[in-house]
Every structure is written in structure tokens, then in C-alpha cells.
$ cat query_32.txt   # compact mmCIF, C-alpha atoms and all ligand atoms
# COMPACT_ATOMS: atom_id res chain seq x y z
CA MET A 1 9.71 25.19 21.60
CA VAL A 2 7.57 22.82 23.64
CA ALA A 3 10.36 21.07 25.53
CA LEU A 4 10.21 21.74 29.26
CA ALA A 5 13.00 23.73 30.87
CA ARG A 6 15.47 21.41 32.56
CA SER A 7 17.21 22.09 35.82
CA PRO A 8 21.01 22.36 35.54
CA ARG A 9 22.10 19.13 37.27
CA PRO A 10 24.36 16.27 36.19
CA LEU A 11 22.65 13.82 33.85
CA PRO A 12 21.80 10.38 35.19
CA GLN A 13 23.09 7.49 33.05
CA VAL A 14 23.97 8.29 29.46
CA ALA A 15 23.54 11.88 28.29
CA ASP A 16 21.34 11.02 25.29
CA ASP A 17 18.88 8.89 27.26
CA THR A 18 16.10 11.45 27.46
CA PHE A 19 13.59 9.03 29.01
CA ALA A 20 15.92 8.40 31.97
CA PHE A 21 16.72 12.09 32.23
CA ASP A 22 13.10 13.27 32.08
CA VAL A 23 11.90 10.67 34.61
CA VAL A 24 14.63 11.32 37.18
CA ASP A 25 14.35 15.07 36.65
CA GLY A 26 10.57 14.93 37.11
CA LEU A 27 10.68 12.67 40.17
CA GLN A 28 13.25 14.92 41.86
CA ALA A 29 11.08 17.99 41.23
CA THR A 30 8.37 19.31 43.57
CA PRO A 31 5.62 18.40 42.87
CA LYS A 32 6.70 15.16 41.20
CA ARG A 33 5.80 14.76 37.52
CA VAL A 34 6.54 12.65 34.43
CA PRO A 35 5.67 13.85 30.88
CA ALA A 36 2.52 12.19 29.51
CA LYS A 37 4.23 11.19 26.26
CA TYR A 38 6.00 8.39 28.18
CA PHE A 39 2.70 6.49 28.58
CA TYR A 40 3.10 5.29 25.01
CA ASP A 41 5.33 2.26 25.01
CA ASP A 42 3.80 -0.65 23.08
CA THR A 43 1.67 -1.78 26.06
CA GLY A 44 0.61 1.81 26.80
CA SER A 45 -0.36 2.43 23.18
CA GLN A 46 -2.50 -0.72 23.22
CA LEU A 47 -4.11 0.23 26.55
CA PHE A 48 -4.95 3.63 25.08
CA GLU A 49 -6.69 1.91 22.16
CA ARG A 50 -8.80 0.00 24.71
CA ILE A 51 -9.65 3.30 26.44
CA THR A 52 -11.05 4.66 23.18
CA ASP A 53 -13.66 1.85 23.20
CA LEU A 54 -14.80 2.38 26.81
CA PRO A 55 -18.42 3.45 27.33
CA GLU A 56 -17.33 6.41 29.51
CA TYR A 57 -14.64 7.66 27.13
CA TYR A 58 -16.67 9.77 24.68
CA PRO A 59 -13.90 11.75 22.83
CA THR A 60 -12.92 9.16 20.22
CA ARG A 61 -16.49 8.27 19.31
CA CYS A 62 -17.49 11.95 19.12
CA GLU A 63 -14.56 12.83 16.93
CA MET A 64 -15.12 9.85 14.61
CA ARG A 65 -18.77 10.84 14.27
CA ILE A 66 -17.86 14.43 13.36
CA LEU A 67 -15.25 13.19 10.87
CA ARG A 68 -17.72 10.81 9.20
CA ALA A 69 -20.51 13.39 9.08
CA HIS A 70 -18.30 16.06 7.46
CA ALA A 71 -15.71 13.93 5.67
CA ALA A 72 -16.51 15.30 2.20
CA GLU A 73 -16.25 18.91 3.34
CA ILE A 74 -13.06 18.30 5.31
CA ALA A 75 -11.57 16.39 2.37
CA LYS A 76 -11.98 19.50 0.19
CA LEU A 77 -9.22 21.08 2.28
CA ILE A 78 -6.82 18.41 1.03
CA PRO A 79 -5.85 19.10 -2.61
CA ASP A 80 -4.81 16.37 -5.06
CA GLY A 81 -1.34 15.04 -4.40
CA ALA A 82 -1.06 16.69 -0.98
CA ALA A 83 0.80 14.94 1.84
CA LEU A 84 -1.25 14.25 4.96
CA VAL A 85 0.98 14.46 8.05
CA GLU A 86 -0.56 13.10 11.26
CA PHE A 87 1.00 14.10 14.59
CA GLY A 88 0.66 11.34 17.23
CA ALA A 89 -0.96 8.93 14.82
CA GLY A 90 -1.20 5.81 17.02
CA ALA A 91 -3.81 3.51 15.49
CA ASN A 92 -4.81 5.50 12.42
CA LYS A 93 -8.55 4.90 12.36
CA LYS A 94 -9.31 8.63 12.10
CA ALA A 95 -6.95 9.16 9.18
CA ARG A 96 -8.70 6.27 7.40
CA ILE A 97 -11.89 8.35 7.25
CA LEU A 98 -10.00 11.22 5.56
CA LEU A 99 -8.09 8.87 3.26
CA GLN A 100 -11.37 7.36 2.09
CA ALA A 101 -12.99 10.75 1.54
CA ALA A 102 -9.94 12.24 -0.23
CA PRO A 103 -8.70 9.41 -2.49
CA ASN A 104 -6.27 11.76 -4.26
CA ILE A 105 -4.07 12.24 -1.23
CA GLY A 106 -0.59 11.48 -2.54
CA LEU A 107 1.12 10.51 0.64
CA TYR A 108 0.31 9.71 4.26
CA VAL A 109 2.96 10.38 6.92
CA PRO A 110 1.96 9.11 10.39
CA VAL A 111 4.32 10.48 13.05
CA ASP A 112 4.29 8.75 16.43
CA ILE A 113 6.57 8.22 19.43
CA CYS A 114 5.64 4.49 19.40
CA GLY A 115 7.54 2.96 16.45
CA GLU A 116 5.98 -0.52 16.85
CA MET A 117 2.46 0.88 16.67
CA ILE A 118 2.89 2.94 13.50
CA GLU A 119 4.80 0.22 11.63
CA ARG A 120 2.01 -2.29 12.40
CA GLU A 121 -0.66 0.20 11.39
CA ALA A 122 1.19 1.26 8.23
CA ALA A 123 1.37 -2.37 7.07
CA GLU A 124 -2.42 -2.72 7.41
CA LEU A 125 -3.10 0.60 5.78
CA ARG A 126 -1.01 -0.35 2.72
CA LEU A 127 -3.21 -3.44 2.26
CA ASP A 128 -6.40 -1.38 2.42
CA PHE A 129 -5.13 1.56 0.33
CA PRO A 130 -2.83 -0.04 -2.27
CA GLN A 131 -2.48 3.24 -4.25
CA LEU A 132 -1.34 5.21 -1.22
CA THR A 133 2.27 5.78 -0.21
CA VAL A 134 2.55 5.43 3.58
CA LEU A 135 5.77 6.70 5.15
CA PRO A 136 5.68 6.34 8.95
CA VAL A 137 8.09 8.45 11.00
CA ALA A 138 8.92 7.19 14.51
CA ALA A 139 9.60 10.48 16.30
CA ASP A 140 8.64 12.55 19.31
CA PHE A 141 6.72 15.27 17.48
CA THR A 142 7.19 17.71 20.37
CA GLN A 143 10.83 17.89 19.28
CA ALA A 144 12.31 18.89 15.92
CA PHE A 145 12.01 16.09 13.34
CA ASP A 146 12.46 15.84 9.58
CA LEU A 147 9.73 15.03 7.08
CA PRO A 148 10.55 12.40 4.44
CA ALA A 149 11.81 13.95 1.17
CA GLU A 150 8.64 12.76 -0.65
CA ALA A 151 6.51 14.80 1.77
CA LYS A 152 8.67 17.89 1.27
CA ALA A 153 8.27 17.46 -2.50
CA ALA A 154 4.44 17.28 -2.36
CA PRO A 155 2.54 20.32 -3.68
CA LEU A 156 1.47 21.09 -0.13
CA ARG A 157 1.21 19.49 3.26
CA VAL A 158 -1.89 19.13 5.46
CA GLY A 159 -1.31 18.54 9.16
CA PHE A 160 -3.74 16.33 11.08
CA PHE A 161 -3.71 16.55 14.86
CA PRO A 162 -6.78 14.69 16.16
CA GLY A 163 -7.66 13.14 19.52
CA SER A 164 -7.28 16.32 21.55
CA THR A 165 -3.61 15.43 21.90
CA ILE A 166 -3.12 19.21 21.84
CA GLY A 167 -4.77 19.15 25.28
CA ASN A 168 -1.72 17.41 26.73
CA PHE A 169 0.31 20.60 26.24
CA GLU A 170 0.21 23.59 28.54
CA PRO A 171 -1.62 26.30 26.54
CA HIS A 172 1.64 28.21 25.85
CA GLU A 173 3.27 24.96 24.72
CA ALA A 174 0.28 24.29 22.44
CA ALA A 175 0.87 27.68 20.80
CA GLY A 176 4.56 26.79 20.43
CA PHE A 177 3.65 23.47 18.85
CA LEU A 178 1.23 25.08 16.36
CA ARG A 179 3.93 27.54 15.32
CA HIS A 180 6.46 24.69 14.98
CA ALA A 181 3.92 22.68 12.91
CA GLY A 182 3.57 25.66 10.55
CA LYS A 183 7.32 25.66 10.00
CA ILE A 184 7.45 21.89 9.41
CA LEU A 185 4.47 21.88 7.02
CA GLY A 186 5.54 25.00 5.11
CA ALA A 187 3.93 27.36 2.61
CA ARG A 188 0.14 27.13 2.04
CA ALA A 189 -0.15 24.39 4.67
CA ARG A 190 -3.46 23.47 6.21
CA LEU A 191 -4.09 22.00 9.61
CA ILE A 192 -6.97 19.93 10.98
CA VAL A 193 -7.11 19.82 14.78
CA GLY A 194 -9.46 17.84 17.05
CA VAL A 195 -10.03 19.23 20.53
CA ASP A 196 -12.08 18.14 23.52
CA LEU A 197 -14.49 20.86 24.67
CA ILE A 198 -15.29 22.15 28.17
CA LYS A 199 -18.33 20.29 29.53
CA PRO A 200 -19.95 19.22 32.83
CA ALA A 201 -17.41 17.85 35.34
CA GLU A 202 -19.37 14.59 35.84
CA VAL A 203 -18.95 13.66 32.19
CA LEU A 204 -15.23 14.49 32.27
CA ASN A 205 -14.55 12.72 35.56
CA ALA A 206 -16.29 9.54 34.37
CA ALA A 207 -14.26 9.49 31.14
CA TYR A 208 -11.00 9.28 33.12
CA ASN A 209 -12.29 6.97 35.89
CA ASP A 210 -13.81 4.11 33.92
CA ALA A 211 -15.56 1.30 35.79
CA GLU A 212 -13.37 -1.38 34.18
CA GLY A 213 -10.18 0.29 35.44
CA ILE A 214 -8.44 0.44 32.04
CA THR A 215 -7.44 4.09 32.54
CA ALA A 216 -5.93 3.10 35.91
CA GLN A 217 -3.93 0.34 34.14
CA PHE A 218 -2.83 2.85 31.50
CA ASN A 219 -1.62 5.26 34.21
CA LEU A 220 0.11 2.54 36.29
CA ASN A 221 1.78 1.08 33.19
CA LEU A 222 4.10 4.09 33.34
CA LEU A 223 5.63 2.60 36.52
CA THR A 224 5.90 -0.83 34.85
CA ARG A 225 7.73 0.82 31.96
CA ILE A 226 10.06 2.70 34.34
CA ASN A 227 10.79 -0.54 36.22
CA ARG A 228 11.62 -2.38 33.01
CA GLU A 229 13.51 0.27 31.06
CA LEU A 230 15.16 2.25 33.86
CA GLY A 231 15.84 -0.49 36.41
CA GLY A 232 13.13 0.86 38.71
CA ASN A 233 11.66 -1.01 41.66
CA PHE A 234 8.23 0.62 42.04
CA ASN A 235 5.70 -1.60 43.81
CA LEU A 236 2.56 -1.16 41.73
CA ASP A 237 0.35 -2.25 44.65
CA CYS A 238 1.50 0.83 46.57
CA PHE A 239 0.31 3.42 44.01
CA GLU A 240 -3.18 4.36 42.95
CA HIS A 241 -4.72 6.05 39.89
CA HIS A 242 -6.18 9.52 40.61
CA ALA A 243 -7.97 11.54 37.93
CA PHE A 244 -10.11 14.64 38.45
CA TYR A 245 -11.34 17.72 36.64
CA ASN A 246 -9.62 20.94 37.73
CA ARG A 247 -12.35 23.51 36.98
CA GLU A 248 -10.21 26.63 37.40
CA ARG A 249 -7.69 25.41 34.85
CA HIS A 250 -10.13 23.59 32.56
CA ARG A 251 -8.12 20.40 32.67
CA ILE A 252 -8.27 16.77 33.71
CA GLU A 253 -5.30 15.92 35.89
CA MET A 254 -4.01 12.39 36.22
CA HIS A 255 -1.76 11.40 39.08
CA LEU A 256 -0.27 8.27 40.62
CA ALA A 257 -0.76 8.58 44.37
CA SER A 258 1.54 6.87 46.85
CA LEU A 259 -0.57 4.81 49.26
CA LYS A 260 2.08 5.01 52.00
CA ARG A 261 5.42 6.52 52.92
CA GLN A 262 7.91 4.67 50.71
CA LYS A 263 11.08 4.82 48.64
CA ALA A 264 11.73 3.69 45.10
CA LYS A 265 14.91 3.41 43.04
CA VAL A 266 15.02 4.69 39.47
CA ALA A 267 18.14 4.74 37.29
CA GLY A 268 20.29 4.47 40.41
CA GLU A 269 18.56 7.38 42.19
CA THR A 270 16.45 6.95 45.34
CA ILE A 271 13.09 8.74 45.28
CA GLU A 272 11.15 9.25 48.53
CA PHE A 273 7.37 9.51 48.75
CA ARG A 274 5.18 10.82 51.56
CA ALA A 275 1.88 8.98 52.12
CA GLY A 276 -0.57 10.50 49.64
CA GLU A 277 2.11 12.28 47.62
CA THR A 278 1.48 12.06 43.87
CA ILE A 279 3.32 11.88 40.58
CA HIS A 280 1.50 14.18 38.16
CA THR A 281 1.39 12.12 34.96
CA GLU A 282 -0.97 13.99 32.64
CA ASN A 283 -2.91 17.17 32.00
CA SER A 284 -5.69 17.05 29.48
CA TYR A 285 -6.82 20.63 28.79
CA LYS A 286 -10.35 21.25 27.60
CA TYR A 287 -10.99 24.17 25.24
CA SER A 288 -13.78 26.28 23.86
CA THR A 289 -13.93 26.57 20.07
CA GLU A 290 -13.03 30.27 20.37
CA LYS A 291 -10.07 29.69 22.68
CA LEU A 292 -8.49 27.18 20.29
CA ALA A 293 -9.07 29.51 17.33
CA ALA A 294 -7.43 32.39 19.23
CA LEU A 295 -4.47 30.21 20.19
CA ALA A 296 -3.99 29.10 16.56
CA ARG A 297 -4.35 32.66 15.23
CA GLY A 298 -1.58 33.77 17.58
CA ALA A 299 0.60 30.96 16.20
CA GLY A 300 0.21 32.04 12.57
CA TRP A 301 -2.88 30.04 11.49
CA ARG A 302 -6.07 31.48 10.00
CA PRO A 303 -9.24 29.66 11.15
CA LEU A 304 -11.28 28.28 8.23
CA HIS A 305 -14.07 26.27 9.82
CA ALA A 306 -15.15 24.43 12.99
CA TRP A 307 -17.35 21.33 13.14
CA ASN A 308 -18.91 20.23 16.45
CA ASP A 309 -21.13 17.32 17.46
CA GLU A 310 -24.69 18.08 18.53
CA ARG A 311 -23.86 17.88 22.27
CA LYS A 312 -20.85 20.19 21.74
CA TYR A 313 -18.55 17.65 23.41
CA PHE A 314 -15.84 17.78 20.77
CA SER A 315 -14.67 20.09 17.98
CA ILE A 316 -12.70 19.63 14.78
CA GLN A 317 -11.21 22.83 13.42
CA ALA A 318 -9.48 23.62 10.15
CA PHE A 319 -6.83 26.30 9.64
CA GLU A 320 -4.61 27.55 6.87
CA LEU A 321 -1.17 28.98 7.33
CA ALA A 322 -1.30 32.77 7.27
CA ASP A 323 1.16 34.36 4.83
CA GLU A 324 2.81 36.20 7.65
CA MET A 325 3.21 35.33 11.29
CA PRO A 326 1.42 37.69 13.68
CA PRO A 327 3.71 40.75 14.07
CA LEU A 328 4.25 40.34 17.81
CA ARG A 329 6.47 37.31 17.31
CA ALA A 330 7.55 37.81 13.70
CA ALA A 331 11.19 38.15 14.76
CA GLU A 332 11.29 34.66 16.37
C1 LIG B 1 -6.17 11.64 23.89
C2 LIG B 1 -3.91 11.66 24.61
C3 LIG B 1 -5.25 13.55 24.97
O1 LIG B 1 -6.48 13.18 27.61
O2 LIG B 1 -7.98 11.98 26.68
C4 LIG B 1 -7.06 9.04 27.96
C5 LIG B 1 -5.19 10.33 26.76
N1 LIG B 1 -5.44 9.77 29.17
N2 LIG B 1 -7.29 8.68 29.22
C6 LIG B 1 -6.82 12.27 26.90
C7 LIG B 1 -5.89 9.73 27.92
C8 LIG B 1 -6.31 9.12 29.95
C9 LIG B 1 -5.74 11.52 26.20
N3 LIG B 1 -5.26 12.08 24.96

$ encode --input "query_32.txt" --output "C-alpha cells"
Amino acid sequence: MVALARSPRPLPQVADDTFAFDVVDGLQATPKRVPAKYFYDDTGSQLFERITDLPEYYPTRCEMRILRAHAAEIAKLIPDGAALVEFGAGANKKARILLQAAPNIGLYVPVDICGEMIEREAAELRLDFPQLTVLPVAADFTQAFDLPAEAKAAPLRVGFFPGSTIGNFEPHEAAGFLRHAGKILGARARLIVGVDLIKPAEVLNAAYNDAEGITAQFNLNLLTRINRELGGNFNLDCFEHHAFYNRERHRIEMHLASLKRQKAKVAGETIEFRAGETIHTENSYKYSTEKLAALARGAGWRPLHAWNDERKYFSIQAFELADEMPPLRAAE
């Protein structure tokens, strides 16, 4: 589904080391790229939490405000005993709003690529919600993964995909993910998705170029992680954070730009950089409410409702699984 096509070359290091494979594969491609999910080692996950508090970074505050303002209405979508499954949970402060508003949720399943983060968060959540069963799953949710048996046994499952994480996918990958989520969540499932909306470029550019430089640290931490985990020798002083809004494609692009002509070793491979050449580290697509609804409809979800903030910066949308997939792809 959402996994990127891989070029048919021998694998570096061990065959099951997907981080090593994806990094070397991406750095040998033209243009160079590394999947954004690799930002989230423990340090990266903590840097992202700092980003969410930055004055320029509006999405988290907007989404929290929408969730608080409409919590009761959103909670009505979550029937008694349902399992709430959060994709890319990180620090679960958004789920807390739903858990408070829907006290009869039977089970909360945070799924995140950063195992340390969700275990820490789950421990705190259990203290604050003693009645709630919390079953964290450390998994890359862009790949197939299994829900805990308790979640499969719940009367129904409600997916929660906040933070505009869906914006990190290419639009066709986002459709693939939504379809995959429908299969994981199963019959009568509901889905609550948070998405960042298209808005003036100045606002977007500021959100990814904060004055304190935390977003730059978050971006550069990818090289620190590669150095540590893949025996890399990137010199962090020779790369720079670049982030800009690409208007044609409605997306923020983040890159690490090489400040000079240089070489770096990664997992035994030598990678050459021209001066100014970049590693494309993230796309963050911005949507209109209608475009997200259309994408979800095509992936088998029926739109139920959309809630926006007053500035129309951010949107939370609810869907329910259609009984049948749209006919075009029913044979999949
Ligand atoms: C919330 C993961 C989609 O694009 O806003 C923040 C992460 N990257 N600053 C986003 C991010 C740079 C992000 N996601």
C-alpha cells in the first residue's frame, strides 16, 4: 500500500534492517530523500513535542481548540465499549480530550513508530484514566500491523489520525492508507482525521522556520540518528535546514541542504553531495476540506461531519466505513 517502490539493488547490511535500506536507497536516488517517519527516534519525538509549543507552529493549538470546542459532538461517534485506535500517537494529549469526553471508551490503542514515547505516555495515561485499558502498539503504521486481540473483540473500532500526519503521505499514498485503515478497523468503523488546511504562504513558511530554530534541530537530528545508528559520519555543521511552501503542490517541503561539496559515509556506502544539493526529508501536504473528503470517499469512507476553527487553519473530519468499497477498486 503506502510503502515506496524500491529499486532492485543488493541490500546494504542485513536484509531486515529497513532503516539502513531506506536511508541508503534514498541517498543514492536523485534527488536525494529520506522518509519523514525516520525523524521520530526518541530525541526526534521530543523535539517534535517542543515544535508543537512554538508560537509560529499553529496546527497543534488549532486542532486542540477544535477538539475541545466540539468534544461532546465528536465523542458521540464513539459508542460505549468501542476501541479507539490512534495512528502515530506520539504524546497523546489529543486523545486525552476524546477520552475525557467519551468516558465509556473500552480500550485505547496508541500506535506509534517510537516505542519509548508510547510506553512512557501509556504509563501516565493509566494513572489519569484508571478505568481505561491502554494497549500501546510499537509499529510503523504505514506497514501492515496487527491490532491486539482485545481491540479486535471490541464492538467496533474508531480510528483517530490527528496532527495532519496524513499530510506526510503523497495524496495517492494517503488514499492507500485510508483504505488500509478501513481494513484494519473493520465493519462499522469510524475514523476521525485532523488535517492542516491551505492558507497564506507566510503563515505556513513561518510555522516551519521558527525563530528559535527547533524545527531546524528536528530536521538535523535525522543526520545525528543516521550517524549513531548507521555508522554515518555526517558533519552537522555542513548541512542547513531548508523549509518552504510549494504553492503548486500545496505542500511544505523540508530539506537538508549541503553547504559545500562533500562526501559522507553511511552504512559502508559513500554518498557525494554537490554544494547546495539537498536531502528531501519531508512533505507536509495541505488540503481543503473538500479534497480530503473526496480522497476518503474514494478510499471507502463516507464523510459524516467536518469541524474547522474560525480562521479555517485546520479541519477535523469524521467518516464512517461505507458498506461497500467504491466500485472502481472493489476487486483490490
Ligand atoms: C505533524 C508530522 C505532519 O508537517 O507539521 C513539524 C511534522 N515537521 N515541523 C508537520 C513537522 C516540521 C508535521 N506533522

$ residues_around --input "query_32.txt" --residues "A:Asp42" --least-positions-apart "5" --cutoff "12 Å" --atoms "all atoms listed in the file" --output "list in words"
Leu47, Phe48, Glu49, Gly90, Ala91, Asp112, Ile113, Cys114, Gly115, Glu116, Met117, Ile118, Glu119, Arg120, Phe218, Asn221, Leu222, Thr224 and Arg225 of chain A

$ residues_near_ligand --input "query_32.txt" --ligand "ligand LIG 1 (chain B)" --cutoff "6 Å" --atoms "all atoms listed in the file" --output "list in words"
Gly163, Ser164, Thr165, Gly167, Asn168, Tyr208, Thr215 and Ser284 of chain A

$ closest_residue --input "query_32.txt" --among "A:Gln28, A:Arg188, A:Val158, A:His250" --to "A:Ala75" --atoms "only C-alpha atoms"
A:Val158

$ residues_around --input "query_32.txt" --residues "A:Asn92" --least-positions-apart "2" --cutoff "9 Å" --atoms "only C-alpha atoms" --output "JSON, numbers by chain"
{"A": [86, 89, 90, 94, 95, 96, 110, 118, 121, 122, 125]}

$ closest_residue --input "query_32.txt" --among "A:Thr18, A:Asp196, A:Arg126, A:Val109" --to "A:Asn308" --atoms "only C-alpha atoms"
A:Asp196

$ atom_distance --input "query_32.txt" --atom1 "atom CA of A:Tyr58" --atom2 "atom CA of A:Ala181"
27.0 Å

$ closest_residue --input "query_32.txt" --among "A:Ala174, A:His70, A:Val85, A:Val266" --to "A:Ala154" --atoms "only C-alpha atoms"
A:Val85

$ residues_near_point --input "query_32.txt" --point "(-15.3, 14.2, 2.0)" --cutoff "10 Å" --atoms "all atoms listed in the file" --output "list in words"
Leu67, Arg68, Ala69, His70, Ala71, Ala72, Glu73, Ile74, Ala75, Lys76, Leu77, Ile78, Ile97, Leu98, Leu99, Gln100, Ala101, Ala102 and Pro103 of chain A

$ closest_residue --input "query_32.txt" --among "A:Asp309, A:Glu320, A:Asp80, A:Asp128" --to "A:Arg65" --atoms "all atoms listed in the file"
A:Asp309

$ closest_residue --input "query_32.txt" --among "A:Ala138, A:Ala275, A:Ala36, A:Leu84" --to "A:Arg261" --atoms "all atoms listed in the file"
A:Ala275

$ residues_around --input "query_32.txt" --residues "A:Gly300" --least-positions-apart "6" --cutoff "9 Å" --atoms "only C-alpha atoms" --output "number ranges by chain"
A: 178-179, 182, 320-326

$ axis_aligned_box --input "query_32.txt" --around "stretch 186-203 of chain A" --padding-each-side "6 Å" --output "AutoDock Vina command-line options"
--center_x -7.2 --center_y 20.5 --center_z 18.9 --size_x 37.5 --size_y 25.7 --size_z 45.8
